[in-house]
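Trainee: The following file, my_file-v1.tsv, comprises TSV, C-alpha atoms:
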chain	number	residue	atom	x	y	z
A	1	GLU	CA	-21.01	22.94	-13.46
A	2	ALA	CA	-17.40	23.81	-14.20
A	3	GLY	CA	-14.91	21.01	-13.68
A	4	VAL	CA	-11.50	20.93	-12.02
A	5	ALA	CA	-9.19	23.30	-13.85
A	6	GLN	CA	-5.46	22.72	-14.09
A	7	SER	CA	-2.65	24.61	-15.77
A	8	PRO	CA	-0.40	24.40	-17.59
A	9	ARG	CA	-1.37	21.35	-19.61
A	10	TYR	CA	2.25	20.61	-20.57
A	11	LYS	CA	5.58	21.71	-19.13
A	12	ILE	CA	9.11	20.89	-20.18
A	13	ILE	CA	12.02	21.84	-17.93
A	14	GLU	CA	15.62	20.85	-17.37
A	15	LYS	CA	16.68	18.98	-14.26
A	16	ARG	CA	17.43	21.14	-11.25
A	17	GLN	CA	14.98	23.79	-12.43
A	18	SER	CA	11.83	24.59	-10.48
A	19	VAL	CA	8.24	24.29	-11.66
A	20	ALA	CA	4.78	25.02	-10.34
A	21	PHE	CA	1.37	23.61	-11.18
A	22	TRP	CA	-1.95	25.26	-10.45
A	23	CYS	CA	-5.34	23.72	-9.65
A	24	ASN	CA	-8.77	25.29	-9.23
A	25	PRO	CA	-11.21	22.74	-7.79
A	26	ILE	CA	-14.96	22.64	-8.26
A	27	SER	CA	-16.60	25.47	-6.37
A	28	GLY	CA	-17.60	24.45	-2.86
A	29	HIS	CA	-15.47	21.32	-2.72
A	30	ALA	CA	-13.69	21.16	0.63
A	31	THR	CA	-11.22	18.43	-0.30
A	32	LEU	CA	-8.42	18.72	-2.84
A	33	TYR	CA	-5.96	16.04	-3.86
A	34	TRP	CA	-2.73	16.04	-5.85
A	35	TYR	CA	-1.75	12.79	-7.56
A	36	GLN	CA	1.41	11.84	-9.45
A	37	GLN	CA	0.98	9.46	-12.38
A	38	ILE	CA	4.20	8.10	-13.84
A	39	LEU	CA	3.92	6.69	-17.36
A	40	GLY	CA	2.58	3.14	-17.29
A	41	GLN	CA	1.46	3.34	-13.66
A	42	GLY	CA	-1.66	4.26	-11.76
A	43	PRO	CA	-1.92	7.58	-9.94
A	44	LYS	CA	-0.26	7.90	-6.54
A	45	LEU	CA	-1.54	10.32	-3.91
A	46	LEU	CA	0.95	13.05	-3.02
A	47	ILE	CA	-1.10	15.27	-0.72
A	48	GLN	CA	-4.67	15.81	0.44
A	49	PHE	CA	-6.09	19.11	1.70
A	50	GLN	CA	-9.28	19.59	3.68
A	51	ASN	CA	-10.14	23.26	3.18
A	52	ASN	CA	-6.72	24.90	3.68
A	53	GLY	CA	-5.29	22.28	6.05
A	54	VAL	CA	-3.18	19.24	5.12
A	55	VAL	CA	-4.84	15.90	5.89
A	56	ASP	CA	-2.26	13.54	4.40
A	57	ASP	CA	1.15	14.31	2.90
A	58	SER	CA	2.85	11.05	3.83
A	59	GLN	CA	3.87	10.31	0.22
A	60	LEU	CA	5.03	13.82	-0.67
A	61	PRO	CA	8.83	14.04	-1.12
A	62	LYS	CA	9.12	17.04	1.13
A	63	ASP	CA	12.77	17.73	0.33
A	64	ARG	CA	11.75	18.95	-3.12
A	65	PHE	CA	7.95	19.06	-3.32
A	66	SER	CA	5.72	21.59	-1.62
A	67	ALA	CA	2.05	22.40	-1.90
A	68	GLU	CA	-0.30	24.99	-0.54
A	69	ARG	CA	-3.98	25.75	-0.72
A	70	LEU	CA	-4.52	29.39	0.04
A	71	LYS	CA	-7.93	30.34	1.44
A	72	GLY	CA	-9.11	26.77	0.94
A	73	VAL	CA	-9.73	27.21	-2.77
A	74	ASP	CA	-6.95	27.17	-5.39
A	75	SER	CA	-3.85	25.08	-4.86
A	76	THR	CA	-0.28	25.17	-6.13
A	77	LEU	CA	2.14	22.24	-6.27
A	78	LYS	CA	5.83	23.11	-6.61
A	79	ILE	CA	8.90	21.06	-7.37
A	80	GLN	CA	12.31	22.54	-6.57
A	81	PRO	CA	14.72	21.29	-7.82
A	82	ALA	CA	13.26	18.87	-10.34
A	83	LYS	CA	14.80	15.47	-11.03
A	84	LEU	CA	14.47	13.25	-14.10
A	85	GLU	CA	12.25	10.84	-12.15
A	86	ASP	CA	9.70	13.62	-11.55
A	87	SER	CA	8.59	13.29	-15.18
A	88	ALA	CA	4.91	12.38	-14.84
A	89	VAL	CA	1.37	13.64	-15.14
A	90	TYR	CA	0.26	15.60	-12.08
A	91	LEU	CA	-3.46	15.23	-11.51
A	92	CYS	CA	-5.58	17.38	-9.26
A	93	ALA	CA	-8.90	16.12	-7.93
A	94	SER	CA	-11.58	17.49	-5.64
A	95	SER	CA	-14.57	16.17	-3.74
A	96	PRO	CA	-17.27	17.79	-1.59
A	97	HIS	CA	-16.18	16.47	1.82
A	98	GLY	CA	-13.30	14.03	1.35
A	99	ALA	CA	-15.28	10.83	1.93
A	100	VAL	CA	-13.47	8.78	-0.70
A	101	ARG	CA	-15.76	5.82	-0.25
A	102	ARG	CA	-19.04	7.58	-0.80
A	103	GLU	CA	-18.18	10.63	-2.84
A	104	LYS	CA	-17.13	10.83	-6.42
A	105	LEU	CA	-13.72	12.35	-7.00
A	106	PHE	CA	-13.66	14.88	-9.82
A	107	PHE	CA	-10.36	14.95	-11.64
A	108	GLY	CA	-8.76	17.61	-13.79
A	109	SER	CA	-6.94	16.85	-17.04
A	110	GLY	CA	-3.56	17.06	-15.38
A	111	THR	CA	-0.23	18.68	-16.17
A	112	GLN	CA	2.25	16.55	-18.09
A	113	LEU	CA	5.76	17.34	-16.87
A	114	SER	CA	8.86	16.34	-18.79
A	115	VAL	CA	12.20	16.80	-17.05
A	116	LEU	CA	15.17	16.69	-19.45
B	1	ALA	CA	0.68	-2.51	2.53
B	2	GLN	CA	-2.15	-2.95	0.13
B	3	THR	CA	-1.33	-3.73	-3.49
B	4	VAL	CA	-3.53	-3.76	-6.56
B	5	THR	CA	-2.53	-5.80	-9.60
B	6	GLN	CA	-3.91	-5.59	-13.11
B	7	SER	CA	-2.33	-8.39	-15.09
B	8	GLN	CA	-3.58	-7.34	-18.54
B	9	PRO	CA	-1.62	-4.37	-19.92
B	10	GLU	CA	-3.86	-4.30	-23.03
B	11	MET	CA	-7.18	-5.74	-24.05
B	12	SER	CA	-9.08	-5.55	-27.30
B	13	VAL	CA	-12.79	-6.00	-27.98
B	14	GLN	CA	-15.02	-5.79	-31.01
B	15	GLU	CA	-17.71	-3.12	-30.91
B	16	ALA	CA	-20.96	-4.47	-29.37
B	17	GLU	CA	-19.14	-7.40	-27.79
B	18	THR	CA	-18.39	-8.04	-24.11
B	19	VAL	CA	-15.00	-7.74	-22.44
B	20	THR	CA	-13.76	-8.47	-18.92
B	21	LEU	CA	-10.87	-6.66	-17.27
B	22	SER	CA	-9.12	-8.38	-14.37
B	23	CYS	CA	-7.96	-7.02	-11.04
B	24	THR	CA	-6.59	-8.67	-7.94
B	25	TYR	CA	-5.65	-7.04	-4.66
B	26	ASP	CA	-3.89	-7.92	-1.48
B	27	THR	CA	-5.18	-6.81	1.91
B	28	SER	CA	-5.62	-8.07	5.45
B	29	GLU	CA	-8.56	-5.73	6.03
B	30	SER	CA	-12.17	-6.86	6.00
B	31	ASP	CA	-13.78	-3.46	5.48
B	32	TYR	CA	-12.79	-1.78	2.25
B	33	TYR	CA	-14.06	-0.41	-1.02
B	34	LEU	CA	-13.05	-1.18	-4.59
B	35	PHE	CA	-13.38	1.04	-7.63
B	36	TRP	CA	-12.91	1.06	-11.37
B	37	TYR	CA	-11.82	4.33	-12.95
B	38	LYS	CA	-11.66	5.15	-16.65
B	39	GLN	CA	-8.98	7.47	-18.04
B	40	PRO	CA	-9.57	8.57	-21.65
B	41	PRO	CA	-6.88	10.34	-23.70
B	42	SER	CA	-7.99	13.62	-22.11
B	43	ARG	CA	-6.35	12.22	-18.92
B	44	GLN	CA	-9.42	13.08	-16.84
B	45	MET	CA	-10.13	10.12	-14.52
B	46	ILE	CA	-13.82	9.18	-14.32
B	47	LEU	CA	-15.39	6.85	-11.75
B	48	VAL	CA	-17.04	3.91	-13.50
B	49	ILE	CA	-18.26	1.73	-10.65
B	50	ARG	CA	-17.82	1.18	-6.91
B	51	GLN	CA	-18.16	-1.95	-4.71
B	52	GLU	CA	-18.38	-2.18	-0.93
B	53	ALA	CA	-16.59	-5.26	0.41
B	54	TYR	CA	-19.36	-6.04	2.89
B	55	LYS	CA	-21.94	-6.32	0.12
B	56	GLN	CA	-22.20	-9.72	-1.51
B	57	GLN	CA	-24.21	-8.39	-4.42
B	58	ASN	CA	-22.11	-7.33	-7.38
B	59	ALA	CA	-22.41	-3.67	-8.36
B	60	THR	CA	-23.83	-2.72	-11.75
B	61	GLU	CA	-23.98	0.59	-13.63
B	62	ASN	CA	-25.77	0.30	-16.95
B	63	ARG	CA	-23.39	-1.63	-19.27
B	64	PHE	CA	-20.75	-1.98	-16.56
B	65	SER	CA	-20.78	-4.69	-13.90
B	66	VAL	CA	-18.28	-6.27	-11.57
B	67	ASN	CA	-17.54	-9.79	-10.42
B	68	PHE	CA	-16.39	-9.41	-6.82
B	69	GLN	CA	-14.84	-12.54	-5.31
B	70	LYS	CA	-13.85	-11.53	-1.78
B	71	ALA	CA	-12.19	-14.80	-0.78
B	72	ALA	CA	-10.11	-14.80	-3.94
B	73	LYS	CA	-9.45	-11.04	-3.64
B	74	SER	CA	-10.55	-10.59	-7.21
B	75	PHE	CA	-12.51	-7.68	-8.68
B	76	SER	CA	-13.11	-7.86	-12.43
B	77	LEU	CA	-14.98	-5.37	-14.61
B	78	LYS	CA	-17.32	-6.53	-17.34
B	79	ILE	CA	-18.27	-4.13	-20.11
B	80	SER	CA	-21.24	-5.27	-22.17
B	81	ASP	CA	-22.19	-3.98	-25.62
B	82	SER	CA	-18.81	-2.26	-25.96
B	83	GLN	CA	-18.82	1.14	-27.63
B	84	LEU	CA	-16.06	3.10	-29.34
B	85	GLY	CA	-16.22	5.60	-26.48
B	86	ASP	CA	-15.23	2.89	-24.03
B	87	ALA	CA	-11.68	2.91	-25.41
B	88	ALA	CA	-9.46	4.19	-22.59
B	89	MET	CA	-7.16	3.17	-19.75
B	90	TYR	CA	-9.00	1.43	-16.93
B	91	PHE	CA	-7.67	1.49	-13.39
B	92	CYS	CA	-8.74	-0.68	-10.51
B	93	ALA	CA	-8.44	1.02	-7.11
B	94	TYR	CA	-8.68	0.04	-3.45
B	95	ASN	CA	-9.59	2.05	-0.36
B	96	ASN	CA	-9.66	0.98	3.28
B	97	ALA	CA	-10.40	3.12	6.32
B	98	GLY	CA	-8.40	6.15	5.27
B	99	ASN	CA	-8.77	8.49	2.35
B	100	MET	CA	-6.07	6.97	0.19
B	101	LEU	CA	-6.88	5.28	-3.08
B	102	THR	CA	-4.32	2.67	-4.16
B	103	PHE	CA	-4.43	2.21	-7.92
B	104	GLY	CA	-3.36	-0.70	-10.07
B	105	GLY	CA	-1.11	-0.25	-13.09
B	106	GLY	CA	-3.99	-0.01	-15.54
B	107	THR	CA	-5.32	-1.86	-18.58
B	108	ARG	CA	-5.55	-0.21	-21.97
B	109	LEU	CA	-8.82	-1.14	-23.67
B	110	MET	CA	-9.07	-0.87	-27.44
B	111	VAL	CA	-12.44	-1.12	-29.16
B	112	LYS	CA	-12.47	-2.23	-32.79
B	113	PRO	CA	-15.27	-0.99	-35.07
Let me see whether you can do it: turn the structure in this file into structure tokens.
Mentor:
Amino acid sequence: EAGVAQSPRYKIIEKRQSVAFWCNPISGHATLYWYQQILGQGPKLLIQFQNNGVVDDSQLPKDRFSAERLKGVDSTLKIQPAKLEDSAVYLCASSPHGAVRREKLFFGSGTQLSVL
Amino acid sequence: AQTVTQSQPEMSVQEAETVTLSCTYDTSESDYYLFWYKQPPSRQMILVIRQEAYKQQNATENRFSVNFQKAAKSFSLKISDSQLGDAAMYFCAYNNAGNMLTFGGGTRLMVKP
């Protein structure tokens, strides 16, 4: 089966610019996650979608980050305006039903963002 | 808040040997799950092994096993018969009742031929 697809793989922007990342989860997976992984740290959950509704966005910096999952399939994560501290790898993951304990999360290869 | 600590930034093992990666966590919960994830250079996180806190028996998956010490809040990963393909970042992760995974800072494992 096809895995979680993410694009672009790399992105370099200047601070105060805007950027968007795209994720296509595994077909049929109801749950989609966006994680931020700063260099030298473990991933941190930004937002979780169940179908096209938001389940948890408590760690999303909503003044500059936004995310949507149209029609419960693809998702886009946007940063506007970007800051230097947003430099990180942005990982997308999906799972069939969102039961983190019992289901395997399938991760994409991420987008590495560098903010100069 | 739950925290997960991996005290070994880097570890090295000879091919075919055994290595143990350490993880400690802090929680006041009694019902939780613990995980080890592998992140190769491709950046794609892969679940290695999972442990339910209520189970006393340590989880095993082929060459991978854990040593779960609930009272000590310790959750180490043992890799037996290490292979070159095991070289990667390894992250310990914690989950309680919600859907959030809290990850440790990771350990880079190098495998020497």
Trainee: Which residue out of A:Ile13, A:Leu105, A:Leu39, A:Ile47 has the minimum interatomic distance to Gly105 (chain B) when all atoms listed in the file are used?
Mentor: A:Leu39
Trainee: Enumerate, in order of chain and increasing residue number, the residues of chain A with an atom no farther than 10 Å from chain B, each with its shortest atom pair and distance in Å to one decimal, counting all atoms listed in the file, as CSV.
Mentor:
residue,atom,partner,partner_atom,distance
A:Val4,CA,B:Gln44,CA,9.4
A:Tyr33,CA,B:Met100,CA,9.9
A:Gln37,CA,B:Gly105,CA,10.0
A:Ile38,CA,B:Gly105,CA,9.9
A:Leu39,CA,B:Gly105,CA,9.6
A:Gly40,CA,B:Gly105,CA,6.5
A:Gln41,CA,B:Gly105,CA,4.5
A:Gly42,CA,B:Gly105,CA,4.7
A:Pro43,CA,B:Phe103,CA,6.3
A:Lys44,CA,B:Thr102,CA,7.0
A:Leu45,CA,B:Met100,CA,7.0
A:Leu46,CA,B:Met100,CA,9.8
A:Ile47,CA,B:Met100,CA,9.7
A:Gln48,CA,B:Asn99,CA,8.6
A:Val55,CA,B:Asn99,CA,9.1
A:Asp56,CA,B:Asn99,CA,8.5
A:Val89,CA,B:Arg43,CA,8.7
A:Leu91,CA,B:Gln44,CA,8.3
A:Cys92,CA,B:Gln44,CA,9.5
A:Ala93,CA,B:Met45,CA,9.0
A:Gly98,CA,B:Asn99,CA,7.2
A:Ala99,CA,B:Asn99,CA,6.9
A:Val100,CA,B:Asn99,CA,5.6
A:Arg101,CA,B:Tyr33,CA,6.5
A:Arg102,CA,B:Arg50,CA,8.9
A:Lys104,CA,B:Leu47,CA,6.9
A:Leu105,CA,B:Leu47,CA,7.5
A:Phe106,CA,B:Ile46,CA,7.3
A:Phe107,CA,B:Gln44,CA,5.6
A:Gly108,CA,B:Gln44,CA,5.5
A:Ser109,CA,B:Gln44,CA,4.5
A:Gly110,CA,B:Arg43,CA,6.6
A:Thr111,CA,B:Arg43,CA,9.3
A:Gln112,CA,B:Arg43,CA,9.7
Trainee: How far is it from CA of Ala5 (chain A) to CA of Pro61 (chain A), in Å with one decimal?
Mentor: 23.9 Å
Trainee: In Å, rounded to a single decimal, give me how far CA of Ser58 (chain A) is from CA of Ser7 (chain B).
Mentor: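 Interatomic distance here is 27.6 Å.
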Trainee: Record the distance separating CA of Asn51 (chain A) and CA of Gln2 (chain B), expressed in Å with one decimal.
Mentor: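 Value for the CA of Asn51 (chain A)-CA of Gln2 (chain B) distance: 27.6 Å.
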Trainee: Restricting the calculation to all atoms listed in the file, which member of B:Arg63, B:Lys70, B:Lys38, B:Lys55 is positioned closest to Thr18 (chain B)?
Mentor: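 Nearest candidate to Thr18 (chain B) out of B:Arg63, B:Lys70, B:Lys38, B:Lys55: B:Arg63.
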Trainee: Using only C-alpha atoms, which residues sit within 7 Å of Pro96 (chain A) once same-chain residues fewer than 5 positions away are excluded, as a PyMOL selection string?
Mentor: chain A and resi 28-31
Trainee: Set the distance at 12 Å and use all atoms listed in the file: which residues neighbour Cys23 (chain A) once local chain neighbours fewer than 2 positions away are removed? I'd like the list as a PyMOL selection string.
Mentor: chain A and resi 3-9+20-21+25-27+32-35+67-70+72-78+90-94+107-111
Trainee: List as an MDAnalysis selection string the protein and nucleic acid residues near Ser74 (chain B), meaning an atom at most 10 Å away when only C-alpha atoms are counted, but skip any in the same chain fewer than 4 places from it.
Mentor: chainID B and resid 4:5 22:26 66:70
Trainee: Out of B:Thr20, B:Ser30, B:Gln83, B:Ser76, which residue has the shortest atom-to-atom distance to Ala53 (chain B) when counting only C-alpha atoms?
Mentor: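 Selected residue with least distance to Ala53 (chain B): B:Ser30.
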Trainee: Pick out the closest residue to Gln36 (chain A) from this set: A:Ser87, A:Asn24, A:Asn52, A:Gln17. Count all atoms listed in the file.
Mentor: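 Using all atoms listed in the file, the shortest distance to Gln36 (chain A) belongs to A:Ser87.
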Trainee: So that all listed atoms of region 55-71 of chain A fit with 4 Å spare on each side, what axis-aligned box centre and edge lengths in Å, to one decimal, would you give as AutoDock Vina command-line options?
Mentor:
--center_x 2.4 --center_y 20.3 --center_z 1.3 --size_x 28.7 --size_y 28.0 --size_z 17.2
Trainee: Give me, as a PyMOL selection string, all polymer residues having an atom no more than 7 Å from Ile12 (chain A), counting all atoms listed in the file and skipping those fewer than 5 positions away in the same chain.
Mentor: chain A and resi 113-115
Trainee: Would you please work out which residue, of B:Leu21, B:Val13, B:Met110, B:Ala88, is nearest to Phe64 (chain B) when using only C-alpha atoms?
Mentor: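 So, comparing all the options, the nearest one is B:Leu21.
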